[in-house]
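Colleague: This is start.csv (CSV, C-alpha atoms).
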chain,number,residue,atom,x,y,z
A,1,MET,CA,105.5,126.9,119.0
A,2,ARG,CA,107.5,125.1,116.3
A,3,ILE,CA,110.6,122.9,117.2
A,4,SER,CA,112.9,125.7,116.0
A,5,GLU,CA,111.4,128.1,118.5
A,6,LEU,CA,111.5,125.4,121.2
A,7,SER,CA,115.2,125.0,120.5
A,8,ALA,CA,115.9,128.7,120.5
A,9,ARG,CA,114.0,129.3,123.8
A,10,SER,CA,115.4,126.2,125.6
A,11,GLY,CA,119.0,126.5,124.3
A,12,VAL,CA,118.8,122.8,123.3
A,13,ALA,CA,119.8,121.9,119.7
A,14,ILE,CA,117.1,120.5,117.4
A,15,PRO,CA,118.9,117.1,116.9
A,16,THR,CA,119.1,116.8,120.7
A,17,ILE,CA,115.4,117.6,121.1
A,18,LYS,CA,114.6,114.9,118.5
A,19,TYR,CA,116.8,112.4,120.5
A,20,TYR,CA,114.8,113.2,123.7
A,21,LEU,CA,111.5,112.7,121.7
A,22,ARG,CA,112.7,109.3,120.4
A,23,GLU,CA,113.9,108.2,123.8
A,24,GLY,CA,110.6,109.2,125.4
A,25,MET,CA,112.3,111.7,127.7
A,26,LEU,CA,110.2,114.5,126.1
A,27,HIS,CA,106.5,114.0,125.3
A,28,GLN,CA,105.4,114.3,121.7
A,29,GLY,CA,104.1,117.7,120.5
A,30,GLU,CA,100.6,118.0,118.9
A,31,GLN,CA,100.9,116.9,115.3
A,32,THR,CA,99.5,119.7,113.1
A,33,ALA,CA,100.7,118.3,109.7
A,34,ALA,CA,102.6,115.3,108.5
A,35,THR,CA,105.9,116.8,109.2
A,36,ARG,CA,105.0,119.5,111.7
A,37,ALA,CA,104.2,119.5,115.4
A,38,GLU,CA,103.3,122.2,117.9
A,39,TYR,CA,105.1,122.4,121.3
A,40,ASP,CA,104.1,124.4,124.4
A,41,GLU,CA,105.3,125.5,127.8
A,42,SER,CA,105.2,122.0,129.2
A,43,HIS,CA,107.9,121.0,126.6
A,44,LEU,CA,110.0,124.0,127.5
A,45,ARG,CA,109.8,123.1,131.2
A,46,ARG,CA,110.8,119.5,130.5
A,47,LEU,CA,113.8,120.6,128.5
A,48,ARG,CA,114.9,122.9,131.3
A,49,LEU,CA,114.6,119.9,133.7
A,50,ILE,CA,116.7,117.6,131.5
A,51,ARG,CA,119.4,120.3,131.2
A,52,ALA,CA,119.4,120.9,134.9
A,53,LEU,CA,119.8,117.1,135.6
A,54,LEU,CA,122.4,116.8,132.9
A,55,GLU,CA,124.5,119.9,133.3
A,56,VAL,CA,124.0,120.8,137.0
A,57,GLY,CA,123.4,117.5,138.5
A,58,ARG,CA,125.8,115.7,136.2
A,59,LEU,CA,123.5,112.7,136.1
A,60,PRO,CA,123.9,109.9,133.5
A,61,VAL,CA,121.1,109.7,130.9
A,62,ALA,CA,119.9,106.4,132.5
A,63,ALA,CA,119.4,108.1,135.8
A,64,ILE,CA,117.6,111.0,134.1
A,65,LYS,CA,115.2,108.6,132.5
A,66,GLN,CA,114.3,107.2,135.9
A,67,VAL,CA,113.7,110.6,137.3
A,68,ILE,CA,111.5,111.5,134.3
A,69,ALA,CA,109.5,108.3,134.7
A,70,ALA,CA,108.8,109.3,138.3
A,71,VAL,CA,107.8,112.8,137.2
A,72,GLU,CA,105.3,111.4,134.6
A,73,ASP,CA,103.8,108.7,136.9
A,74,GLU,CA,101.1,110.9,138.4
A,75,THR,CA,100.0,108.1,140.8
A,76,LEU,CA,103.4,108.5,142.6
A,77,PRO,CA,103.0,110.9,145.6
A,78,MET,CA,105.0,114.1,145.3
A,79,HIS,CA,107.3,113.0,148.2
A,80,HIS,CA,108.2,109.7,146.5
A,81,MET,CA,108.9,111.4,143.2
A,82,LEU,CA,111.2,114.0,144.9
A,83,GLY,CA,112.8,111.1,146.8
A,84,ILE,CA,113.7,109.3,143.5
A,85,ALA,CA,115.2,112.5,142.1
A,86,HIS,CA,117.0,113.2,145.3
A,87,TRP,CA,118.6,109.8,145.6
A,88,ALA,CA,119.7,109.9,142.0
A,89,LEU,CA,121.7,113.1,142.7
A,90,GLY,CA,124.0,111.5,145.3
A,91,PRO,CA,126.9,109.1,144.8
A,92,THR,CA,126.3,105.4,145.2
A,93,VAL,CA,128.3,104.1,148.2
A,94,GLU,CA,128.9,100.4,148.6
A,95,PRO,CA,128.7,99.2,152.2
A,96,GLU,CA,132.0,97.8,153.4
A,97,GLN,CA,132.6,94.6,155.5
A,98,GLY,CA,133.8,94.7,159.0
A,99,GLU,CA,133.3,96.0,162.5
A,100,GLU,CA,134.4,99.6,161.7
A,101,TRP,CA,131.7,100.0,159.0
A,102,ARG,CA,129.0,98.4,161.2
A,103,THR,CA,129.8,100.7,164.1
A,104,ALA,CA,129.7,103.8,161.8
A,105,ARG,CA,126.5,102.8,160.2
A,106,ALA,CA,124.8,102.1,163.6
A,107,GLU,CA,126.0,105.6,164.7
A,108,VAL,CA,124.3,107.2,161.6
A,109,ASP,CA,121.1,105.3,162.3
A,110,ARG,CA,121.2,106.4,166.0
A,111,LEU,CA,121.9,110.0,165.0
A,112,VAL,CA,118.9,110.1,162.5
A,113,GLY,CA,116.7,108.6,165.2
A,114,GLU,CA,117.7,111.1,167.8
A,115,LEU,CA,117.2,114.0,165.5
A,116,GLY,CA,113.7,112.7,164.6
A,117,TRP,CA,114.5,113.0,160.9
A,118,THR,CA,112.3,111.2,158.4
A,119,VAL,CA,115.0,109.5,156.3
A,120,ALA,CA,114.2,106.1,154.7
A,121,ASP,CA,116.0,103.1,156.2
A,122,ASP,CA,117.5,102.3,152.8
A,123,ALA,CA,118.3,106.0,151.8
A,124,PRO,CA,121.8,106.0,150.2
A,125,THR,CA,122.8,109.0,152.4
A,126,ARG,CA,123.0,106.7,155.4
A,127,ASP,CA,125.8,104.7,153.8
A,128,GLU,CA,127.4,107.8,152.4
A,129,LEU,CA,127.7,109.3,155.9
A,130,ALA,CA,128.9,106.0,157.4
A,131,GLN,CA,131.7,106.0,154.8
A,132,THR,CA,132.8,109.5,155.7
A,133,LEU,CA,132.8,108.6,159.4
A,134,VAL,CA,134.9,105.5,158.7
A,135,ARG,CA,137.5,107.6,156.8
A,136,MET,CA,137.6,110.2,159.5
A,137,ARG,CA,138.3,107.6,162.2
A,138,GLN,CA,140.9,105.9,160.1
A,139,LEU,CA,142.8,109.2,159.9
A,140,GLY,CA,142.5,109.8,163.6
A,141,LEU,CA,140.1,112.7,163.2
A,142,HIS,CA,138.0,113.5,166.3
A,143,VAL,CA,134.4,113.9,164.9
A,144,ASP,CA,131.8,116.3,166.2
A,145,LEU,CA,128.9,116.5,163.7
A,146,ALA,CA,126.6,118.5,165.9
A,147,PRO,CA,127.4,122.0,164.5
A,148,TYR,CA,127.0,120.6,161.0
A,149,VAL,CA,123.7,119.0,161.8
A,150,GLU,CA,122.4,122.3,163.1
A,151,ALA,CA,123.7,124.3,160.1
A,152,ALA,CA,122.2,121.7,157.6
A,153,ARG,CA,118.9,121.7,159.4
A,154,LYS,CA,118.7,125.5,159.4
A,155,LEU,CA,119.6,126.0,155.8
A,156,VAL,CA,117.3,123.3,154.5
A,157,THR,CA,114.2,124.2,156.5
A,158,GLU,CA,114.6,128.0,156.3
A,159,VAL,CA,115.9,128.4,152.8
A,160,GLU,CA,116.1,125.4,150.4
A,161,MET,CA,112.8,123.6,150.9
A,162,ALA,CA,111.0,126.9,151.2
A,163,THR,CA,111.7,127.5,147.5
A,164,ILE,CA,110.2,124.2,146.3
A,165,PRO,CA,106.7,124.6,144.8
A,166,PHE,CA,105.1,121.5,146.3
A,167,ASP,CA,101.7,122.6,144.9
A,168,GLY,CA,102.9,123.4,141.4
A,169,PRO,CA,103.7,121.2,138.4
A,170,ARG,CA,105.8,118.1,139.1
A,171,ASP,CA,108.5,119.2,136.7
A,172,ALA,CA,108.9,122.5,138.4
A,173,ALA,CA,109.3,120.9,141.9
A,174,VAL,CA,111.9,118.4,140.7
A,175,GLU,CA,113.8,121.2,138.9
A,176,ALA,CA,113.8,123.3,142.0
A,177,LEU,CA,115.1,120.4,144.1
A,178,VAL,CA,117.9,119.7,141.7
A,179,LEU,CA,119.0,123.3,141.4
A,180,GLY,CA,118.8,123.8,145.1
A,181,THR,CA,120.6,120.6,146.1
A,182,VAL,CA,123.4,120.9,143.6
A,183,LEU,CA,124.0,124.6,143.1
A,184,TYR,CA,123.4,125.8,146.6
A,185,GLY,CA,125.6,122.9,147.7
A,186,LYS,CA,128.4,124.1,145.4
A,187,ALA,CA,128.0,127.7,146.5
A,188,PHE,CA,128.2,126.8,150.1
A,189,ASP,CA,131.3,124.6,149.7
A,190,THR,CA,133.1,127.5,147.9
A,191,LEU,CA,132.0,130.1,150.6
A,192,ARG,CA,133.3,127.7,153.2
A,193,ARG,CA,136.7,127.5,151.6
A,194,MET,CA,136.8,131.3,151.3
A,195,ALA,CA,136.0,131.6,155.0
A,196,GLN,CA,138.8,129.1,155.7
A,197,GLU,CA,141.3,131.2,153.8
A,198,SER,CA,140.2,134.4,155.6
A,199,GLU,CA,140.2,132.8,159.1
A,200,SER,CA,143.6,131.3,158.5
A,201,ALA,CA,144.9,134.7,157.6
A,202,HIS,CA,143.4,136.2,160.8
A,203,ARG,CA,144.8,133.5,163.0
A,204,VAL,CA,148.3,134.1,161.9
A,205,GLY,CA,147.9,137.8,162.3
A,206,LEU,CA,147.8,138.9,158.6
A,207,ARG,CA,145.0,141.3,159.6
B,1,MET,CA,162.3,102.2,163.1
B,2,ARG,CA,163.1,100.1,160.0
B,3,ILE,CA,161.2,100.5,156.8
B,4,SER,CA,159.1,97.4,157.5
B,5,GLU,CA,157.8,98.9,160.7
B,6,LEU,CA,157.2,102.3,159.0
B,7,SER,CA,155.1,100.4,156.4
B,8,ALA,CA,153.1,98.5,159.1
B,9,ARG,CA,152.4,101.6,161.1
B,10,SER,CA,151.5,103.9,158.2
B,11,GLY,CA,149.6,101.3,156.1
B,12,VAL,CA,151.7,102.3,153.1
B,13,ALA,CA,153.4,99.4,151.2
B,14,ILE,CA,157.2,99.2,151.1
B,15,PRO,CA,157.5,99.7,147.3
B,16,THR,CA,155.3,102.8,147.6
B,17,ILE,CA,157.4,104.2,150.4
B,18,LYS,CA,160.5,103.6,148.2
B,19,TYR,CA,158.8,105.5,145.4
B,20,TYR,CA,158.1,108.4,147.6
B,21,LEU,CA,161.8,108.4,148.7
B,22,ARG,CA,163.0,108.4,145.1
B,23,GLU,CA,160.6,111.2,144.2
B,24,GLY,CA,161.7,113.3,147.1
B,25,MET,CA,158.2,113.4,148.6
B,26,LEU,CA,159.5,111.6,151.7
B,27,HIS,CA,162.8,112.7,153.3
B,28,GLN,CA,165.6,110.1,153.5
B,29,GLY,CA,166.0,108.1,156.8
B,30,GLU,CA,169.2,108.0,158.8
B,31,GLN,CA,171.6,105.6,157.0
B,32,THR,CA,172.8,103.1,159.7
B,33,ALA,CA,174.4,100.5,157.3
B,34,ALA,CA,174.9,100.2,153.6
B,35,THR,CA,171.4,98.7,153.1
B,36,ARG,CA,169.6,99.9,156.2
B,37,ALA,CA,168.1,103.2,157.3
B,38,GLU,CA,166.3,104.3,160.4
B,39,TYR,CA,163.0,106.2,160.2
B,40,ASP,CA,161.2,108.2,162.9
B,41,GLU,CA,157.9,109.9,163.7
B,42,SER,CA,158.5,112.7,161.1
B,43,HIS,CA,158.4,110.0,158.4
B,44,LEU,CA,155.3,108.5,159.7
B,45,ARG,CA,153.6,112.0,159.8
B,46,ARG,CA,154.7,112.7,156.2
B,47,LEU,CA,153.2,109.4,155.0
B,48,ARG,CA,149.9,110.2,156.8
B,49,LEU,CA,149.9,113.6,155.0
B,50,ILE,CA,150.5,112.0,151.6
B,51,ARG,CA,147.7,109.5,152.2
B,52,ALA,CA,145.4,112.3,153.3
B,53,LEU,CA,146.1,114.3,150.2
B,54,LEU,CA,145.9,111.3,147.9
B,55,GLU,CA,142.9,109.4,149.3
B,56,VAL,CA,140.9,112.1,151.0
B,57,GLY,CA,141.8,115.1,148.9
B,58,ARG,CA,142.0,113.1,145.7
B,59,LEU,CA,144.9,115.3,144.5
B,60,PRO,CA,147.1,114.3,141.6
B,61,VAL,CA,150.7,113.4,142.5
B,62,ALA,CA,152.0,116.6,140.8
B,63,ALA,CA,149.8,118.7,143.1
B,64,ILE,CA,150.9,116.7,146.2
B,65,LYS,CA,154.5,117.5,145.3
B,66,GLN,CA,153.8,121.2,145.3
B,67,VAL,CA,152.1,121.0,148.7
B,68,ILE,CA,155.1,119.0,150.1
B,69,ALA,CA,157.5,121.6,148.7
B,70,ALA,CA,155.6,124.3,150.5
B,71,VAL,CA,155.6,122.2,153.7
B,72,GLU,CA,159.4,121.8,153.5
B,73,ASP,CA,160.2,125.4,152.7
B,74,GLU,CA,160.5,126.7,156.2
B,75,THR,CA,161.0,130.2,155.0
B,76,LEU,CA,157.4,130.2,153.8
B,77,PRO,CA,155.0,131.7,156.4
B,78,MET,CA,152.5,129.2,157.8
B,79,HIS,CA,149.6,131.1,156.1
B,80,HIS,CA,151.1,130.9,152.7
B,81,MET,CA,151.9,127.2,153.1
B,82,LEU,CA,148.3,126.5,154.1
B,83,GLY,CA,147.1,128.7,151.2
B,84,ILE,CA,149.0,126.6,148.7
B,85,ALA,CA,147.6,123.3,150.2
B,86,HIS,CA,144.1,124.9,150.3
B,87,TRP,CA,144.1,126.2,146.7
B,88,ALA,CA,145.3,122.7,145.5
B,89,LEU,CA,142.3,121.1,147.1
B,90,GLY,CA,139.7,123.0,145.0
B,91,PRO,CA,138.8,122.6,141.3
B,92,THR,CA,140.4,124.8,138.7
B,93,VAL,CA,137.8,127.0,137.1
B,94,GLU,CA,138.5,128.8,133.8
B,95,PRO,CA,137.1,132.3,133.7
B,96,GLU,CA,134.5,132.7,130.9
B,97,GLN,CA,134.1,135.5,128.4
B,98,GLY,CA,131.2,137.9,128.3
B,99,GLU,CA,129.1,140.3,130.4
B,100,GLU,CA,127.4,137.6,132.5
B,101,TRP,CA,130.7,136.3,133.8
B,102,ARG,CA,132.1,139.8,134.5
B,103,THR,CA,128.9,140.8,136.4
B,104,ALA,CA,129.1,137.6,138.5
B,105,ARG,CA,132.8,138.0,139.3
B,106,ALA,CA,132.3,141.6,140.2
B,107,GLU,CA,129.5,140.5,142.6
B,108,VAL,CA,131.8,138.0,144.3
B,109,ASP,CA,134.5,140.6,144.7
B,110,ARG,CA,132.0,143.0,146.2
B,111,LEU,CA,130.7,140.3,148.6
B,112,VAL,CA,134.1,139.4,149.8
B,113,GLY,CA,134.9,143.1,150.4
B,114,GLU,CA,131.6,143.7,152.3
B,115,LEU,CA,132.3,140.7,154.5
B,116,GLY,CA,135.7,142.0,155.2
B,117,TRP,CA,137.1,138.5,154.4
B,118,THR,CA,140.8,138.2,153.7
B,119,VAL,CA,140.8,136.3,150.4
B,120,ALA,CA,143.6,136.8,147.9
B,121,ASP,CA,142.6,138.6,144.7
B,122,ASP,CA,143.7,135.6,142.6
B,123,ALA,CA,142.2,133.0,144.9
B,124,PRO,CA,140.6,130.3,142.7
B,125,THR,CA,137.5,130.3,144.9
B,126,ARG,CA,136.5,133.7,143.5
B,127,ASP,CA,136.2,132.3,140.0
B,128,GLU,CA,134.6,129.1,141.4
B,129,LEU,CA,131.8,131.1,143.1
B,130,ALA,CA,131.4,133.3,140.0
B,131,GLN,CA,130.8,130.2,137.9
B,132,THR,CA,128.1,128.9,140.3
B,133,LEU,CA,126.4,132.3,140.2
B,134,VAL,CA,126.4,132.3,136.4
B,135,ARG,CA,124.8,128.8,136.3
B,136,MET,CA,122.2,129.8,138.8
B,137,ARG,CA,121.2,132.9,136.8
B,138,GLN,CA,121.1,130.9,133.5
B,139,LEU,CA,118.6,128.6,135.1
B,140,GLY,CA,116.5,131.4,136.5
B,141,LEU,CA,117.3,130.7,140.1
B,142,HIS,CA,116.8,133.6,142.5
B,143,VAL,CA,120.0,133.7,144.5
B,144,ASP,CA,120.3,134.7,148.2
B,145,LEU,CA,123.7,133.7,149.5
B,146,ALA,CA,123.4,135.4,152.9
B,147,PRO,CA,122.3,132.4,155.0
B,148,TYR,CA,125.1,130.3,153.4
B,149,VAL,CA,127.7,133.0,154.1
B,150,GLU,CA,126.6,133.1,157.7
B,151,ALA,CA,126.6,129.3,158.1
B,152,ALA,CA,130.0,129.0,156.5
B,153,ARG,CA,131.5,131.7,158.7
B,154,LYS,CA,130.1,130.1,161.8
B,155,LEU,CA,131.3,126.5,161.0
B,156,VAL,CA,134.7,127.7,159.9
B,157,THR,CA,135.5,130.0,162.8
B,158,GLU,CA,134.0,128.0,165.6
B,159,VAL,CA,134.8,124.5,164.5
B,160,GLU,CA,137.1,123.9,161.6
B,161,MET,CA,139.9,126.4,162.1
B,162,ALA,CA,139.8,125.8,165.8
B,163,THR,CA,141.2,122.2,165.2
B,164,ILE,CA,144.2,123.3,163.1
B,165,PRO,CA,147.5,123.3,165.2
B,166,PHE,CA,149.0,126.6,163.9
B,167,ASP,CA,151.8,126.3,166.4
B,168,GLY,CA,152.7,122.6,165.8
B,169,PRO,CA,154.7,120.9,163.0
B,170,ARG,CA,153.9,122.1,159.5
B,171,ASP,CA,152.9,118.6,158.3
B,172,ALA,CA,150.3,118.3,161.1
B,173,ALA,CA,148.8,121.7,160.2
B,174,VAL,CA,148.4,120.9,156.5
B,175,GLU,CA,147.0,117.4,157.3
B,176,ALA,CA,144.4,118.9,159.6
B,177,LEU,CA,143.5,121.4,156.9
B,178,VAL,CA,143.0,118.7,154.3
B,179,LEU,CA,141.0,116.5,156.5
B,180,GLY,CA,138.9,119.3,157.8
B,181,THR,CA,138.2,120.8,154.3
B,182,VAL,CA,137.4,117.6,152.5
B,183,LEU,CA,135.9,115.3,155.1
B,184,TYR,CA,133.8,117.8,157.0
B,185,GLY,CA,132.7,119.2,153.6
B,186,LYS,CA,131.6,115.7,152.6
B,187,ALA,CA,129.8,115.1,155.9
B,188,PHE,CA,128.0,118.4,155.7
B,189,ASP,CA,126.8,117.8,152.2
B,190,THR,CA,125.4,114.4,153.2
B,191,LEU,CA,123.7,115.7,156.3
B,192,ARG,CA,122.1,118.5,154.1
B,193,ARG,CA,120.6,115.9,151.8
B,194,MET,CA,119.3,113.9,154.7
B,195,ALA,CA,117.7,117.1,156.1
B,196,GLN,CA,116.2,117.7,152.7
B,197,GLU,CA,114.6,114.3,152.5
B,198,SER,CA,113.2,114.7,156.0
B,199,GLU,CA,111.9,118.2,155.5
B,200,SER,CA,110.3,117.1,152.2
B,201,ALA,CA,108.5,114.3,154.0
B,202,HIS,CA,107.2,116.8,156.7
B,203,ARG,CA,106.0,119.3,154.1
B,204,VAL,CA,103.9,116.8,152.3
B,205,GLY,CA,102.5,115.6,155.6
B,206,LEU,CA,104.2,112.2,155.9
B,207,ARG,CA,104.8,112.9,159.6
Can you present the structure in this file as structure tokens?

Modeller:
Amino acid sequence: MRISELSARSGVAIPTIKYYLREGMLHQGEQTAATRAEYDESHLRRLRLIRALLEVGRLPVAAIKQVIAAVEDETLPMHHMLGIAHWALGPTVEPEQGEEWRTARAEVDRLVGELGWTVADDAPTRDELAQTLVRMRQLGLHVDLAPYVEAARKLVTEVEMATIPFDGPRDAAVEALVLGTVLYGKAFDTLRRMAQESESAHRVGLR
Amino acid sequence: MRISELSARSGVAIPTIKYYLREGMLHQGEQTAATRAEYDESHLRRLRLIRALLEVGRLPVAAIKQVIAAVEDETLPMHHMLGIAHWALGPTVEPEQGEEWRTARAEVDRLVGELGWTVADDAPTRDELAQTLVRMRQLGLHVDLAPYVEAARKLVTEVEMATIPFDGPRDAAVEALVLGTVLYGKAFDTLRRMAQESESAHRVGLR
């Protein structure tokens, strides 16, 4: 297809497509004349991936470039590629100084160990959870993560990871990961707040 | 206690406490001399609430003032007060034009009805969920919310709402709601991403 059709089918404006081509985020089409190139389904899939990372994942362009480099490096095992995309999706948390932080981080490491979860030692989620535990403690909140661990495990193993095409094209797997992580996360958070409103109404006898 | 002790125990600087007093976010202490006032546990609890809304809920001061006005209006039933705090915690989503939006919003309304959940017709969560559904559809994601609904229901009824002291002081109930909604939400999201990393490793045979 021509660039105009690629634009129409992807919903990405032509100048933006040209920008992605210049930046190396989108691979070149097949040159069929001096000023004409042909694009195919692989270009369409790549544009969908970029849109998903940009609009759904809200990732900065620099992070998107890293993810795309990982998608294109075919020598990188699937799991490592997904790990790079996955880590890019979360916030960056700076470890804090002090006893409180060390205790919380040690607790996270112990929890992951007890669960038998395969989470890298330097995964950013470890610091992220440690930070949340520190905030909870500072505000005097009694913390029981067990029901959350169980719900997360169940949703992830039974629903989310089941939709990722590990055997398909690398672009499609990363796209499914981004969509699942961000959109299902958002949907769940909203449903949780709806359930809170409803349960609060029931507890005070509104119905 | 004097303002210096109130500052030390709450972790809020004296100039900030004076700002809250001027703005009416913190009730005046008992005047014991021309330049001296006595504060009590109710002031401490209010400062903890403001900190929770500010630092954990990341609410703007204008929204915090609305929540505090609801806490102070004793004629407002507990459920309505919690509702005001709760709605302030979520993002504001502008309904979009068009068929896609109307279909998604109708689906949300049908879902809430089928679940028998008591969620106000104008609750912002309804538009928020509609927006997420629209984004999922636009990206071609097949949507099955049922497992998320069930997990949200279970966590909220069995854990989160169980910790809210509906019979205690109004400040304490709102504080518990904020902490629960925001911090447990954050903890859950992080645990989910850890479970994803682990499950991804298992599926590609890393262990």

Colleague: I'd like the interatomic distance between CA of His43 in chain B and CA of Ala172 in chain B, to a tenth of an Å.

Modeller: 11.9 Å

Colleague: Could you pull the residues within 8 Å of range 15-31 of chain A, counting all atoms listed in the file, minus those fewer than 6 positions along the same chain, as a PyMOL selection string?

Modeller: chain A and resi 7+37-40+43+46-47+65+68

Colleague: Excluding Ile84 in chain B and its own-chain neighbours fewer than 5 positions away, which residues fall within 10 Å of it when counting only C-alpha atoms? Please give them as a compact mmCIF listing (two decimals) with C-alpha atoms, keeping the file's coordinate frame.

Modeller:
# COMPACT_ATOMS: atom_id res chain seq x y z
CA ALA B 63 149.80 118.70 143.10
CA GLN B 66 153.80 121.20 145.30
CA VAL B 67 152.10 121.00 148.70
CA ILE B 68 155.10 119.00 150.10
CA ALA B 69 157.50 121.60 148.70
CA ALA B 70 155.60 124.30 150.50
CA VAL B 71 155.60 122.20 153.70
CA HIS B 79 149.60 131.10 156.10
CA LEU B 89 142.30 121.10 147.10
CA VAL B 174 148.40 120.90 156.50

Colleague: Using all atoms listed in the file, which of the listed residues (A:Leu145, A:Arg2, A:Gly168, A:Gly98) sits closest to Thr35 in chain A?

Modeller: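 Of all the options, A:Arg2 lies closest to Thr35 in chain A.
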
Colleague: Determine, using all atoms listed in the file, which residues of chain B have any atom at most 8 Å from an atom of chain A, and tabulate each with its shortest atom pair and distance in Å to one decimal place, rows ordered by chain and then rising number, as JSON lines.

Modeller:
{"residue": "B:Arg48", "atom": "CA", "partner": "A:Leu139", "partner_atom": "CA", "distance": 7.8}
{"residue": "B:Ala52", "atom": "CA", "partner": "A:Leu139", "partner_atom": "CA", "distance": 7.7}
{"residue": "B:Met78", "atom": "CA", "partner": "A:Val204", "partner_atom": "CA", "distance": 7.6}
{"residue": "B:His79", "atom": "CA", "partner": "A:Ala201", "partner_atom": "CA", "distance": 6.1}
{"residue": "B:Gly83", "atom": "CA", "partner": "A:Glu197", "partner_atom": "CA", "distance": 6.8}
{"residue": "B:His86", "atom": "CA", "partner": "A:Glu197", "partner_atom": "CA", "distance": 7.7}
{"residue": "B:Trp117", "atom": "CA", "partner": "A:Ser198", "partner_atom": "CA", "distance": 5.3}
{"residue": "B:Thr118", "atom": "CA", "partner": "A:Ser198", "partner_atom": "CA", "distance": 4.3}
{"residue": "B:Val119", "atom": "CA", "partner": "A:Ser198", "partner_atom": "CA", "distance": 5.6}
{"residue": "B:Thr125", "atom": "CA", "partner": "A:Thr190", "partner_atom": "CA", "distance": 6.0}
{"residue": "B:Glu128", "atom": "CA", "partner": "A:Thr190", "partner_atom": "CA", "distance": 6.9}
{"residue": "B:Leu129", "atom": "CA", "partner": "A:Ala187", "partner_atom": "CA", "distance": 6.1}
{"residue": "B:Thr132", "atom": "CA", "partner": "A:Ala187", "partner_atom": "CA", "distance": 6.3}
{"residue": "B:Leu133", "atom": "CA", "partner": "A:Ala187", "partner_atom": "CA", "distance": 8.0}
{"residue": "B:Met136", "atom": "CA", "partner": "A:Leu183", "partner_atom": "CA", "distance": 7.0}
{"residue": "B:Leu139", "atom": "CA", "partner": "A:Ala52", "partner_atom": "CA", "distance": 7.7}
{"residue": "B:Leu141", "atom": "CA", "partner": "A:Leu179", "partner_atom": "CA", "distance": 7.7}
{"residue": "B:Leu145", "atom": "CA", "partner": "A:Ala187", "partner_atom": "CA", "distance": 8.0}
{"residue": "B:Pro147", "atom": "CA", "partner": "A:Leu155", "partner_atom": "CA", "distance": 7.0}
{"residue": "B:Tyr148", "atom": "CA", "partner": "A:Phe188", "partner_atom": "CA", "distance": 5.7}
{"residue": "B:Val149", "atom": "CA", "partner": "A:Leu191", "partner_atom": "CA", "distance": 6.3}
{"residue": "B:Ala151", "atom": "CA", "partner": "A:Ala151", "partner_atom": "CA", "distance": 6.1}
{"residue": "B:Ala152", "atom": "CA", "partner": "A:Arg192", "partner_atom": "CA", "distance": 4.8}
{"residue": "B:Arg153", "atom": "CA", "partner": "A:Ala195", "partner_atom": "CA", "distance": 5.8}
{"residue": "B:Leu155", "atom": "CA", "partner": "A:Pro147", "partner_atom": "CA", "distance": 6.9}
{"residue": "B:Val156", "atom": "CA", "partner": "A:Gln196", "partner_atom": "CA", "distance": 6.0}
{"residue": "B:Thr157", "atom": "CA", "partner": "A:Glu199", "partner_atom": "CA", "distance": 6.6}
{"residue": "B:Val159", "atom": "CA", "partner": "A:Pro147", "partner_atom": "CA", "distance": 7.8}
{"residue": "B:Met161", "atom": "CA", "partner": "A:Gln196", "partner_atom": "CA", "distance": 7.0}
{"residue": "B:Phe166", "atom": "CA", "partner": "A:Val204", "partner_atom": "CA", "distance": 7.8}
{"residue": "B:Leu179", "atom": "CA", "partner": "A:Leu141", "partner_atom": "CA", "distance": 7.8}
{"residue": "B:Thr181", "atom": "CA", "partner": "A:Arg193", "partner_atom": "CA", "distance": 7.4}
{"residue": "B:Leu183", "atom": "CA", "partner": "A:Thr132", "partner_atom": "CA", "distance": 6.6}
{"residue": "B:Gly185", "atom": "CA", "partner": "A:Asp189", "partner_atom": "CA", "distance": 6.8}
{"residue": "B:Lys186", "atom": "CA", "partner": "A:Thr132", "partner_atom": "CA", "distance": 7.0}
{"residue": "B:Ala187", "atom": "CA", "partner": "A:Leu129", "partner_atom": "CA", "distance": 6.2}
{"residue": "B:Phe188", "atom": "CA", "partner": "A:Tyr148", "partner_atom": "CA", "distance": 5.8}
{"residue": "B:Asp189", "atom": "CA", "partner": "A:Gly185", "partner_atom": "CA", "distance": 6.9}
{"residue": "B:Thr190", "atom": "CA", "partner": "A:Thr125", "partner_atom": "CA", "distance": 6.0}
{"residue": "B:Leu191", "atom": "CA", "partner": "A:Ala152", "partner_atom": "CA", "distance": 6.3}
{"residue": "B:Arg192", "atom": "CA", "partner": "A:Ala152", "partner_atom": "CA", "distance": 4.7}
{"residue": "B:Arg193", "atom": "CA", "partner": "A:Thr125", "partner_atom": "CA", "distance": 7.3}
{"residue": "B:Met194", "atom": "CA", "partner": "A:Val119", "partner_atom": "CA", "distance": 6.4}
{"residue": "B:Ala195", "atom": "CA", "partner": "A:Arg153", "partner_atom": "CA", "distance": 5.8}
{"residue": "B:Gln196", "atom": "CA", "partner": "A:Val156", "partner_atom": "CA", "distance": 6.0}
{"residue": "B:Glu197", "atom": "CA", "partner": "A:Val119", "partner_atom": "CA", "distance": 6.1}
{"residue": "B:Ser198", "atom": "CA", "partner": "A:Thr118", "partner_atom": "CA", "distance": 4.3}
{"residue": "B:Glu199", "atom": "CA", "partner": "A:Thr157", "partner_atom": "CA", "distance": 6.5}
{"residue": "B:Ser200", "atom": "CA", "partner": "A:His79", "partner_atom": "CA", "distance": 6.5}
{"residue": "B:Ala201", "atom": "CA", "partner": "A:His79", "partner_atom": "CA", "distance": 6.1}
{"residue": "B:His202", "atom": "CA", "partner": "A:Thr118", "partner_atom": "CA", "distance": 7.8}
{"residue": "B:Val204", "atom": "CA", "partner": "A:His79", "partner_atom": "CA", "distance": 6.5}
{"residue": "B:Arg207", "atom": "CA", "partner": "A:Thr118", "partner_atom": "CA", "distance": 7.8}
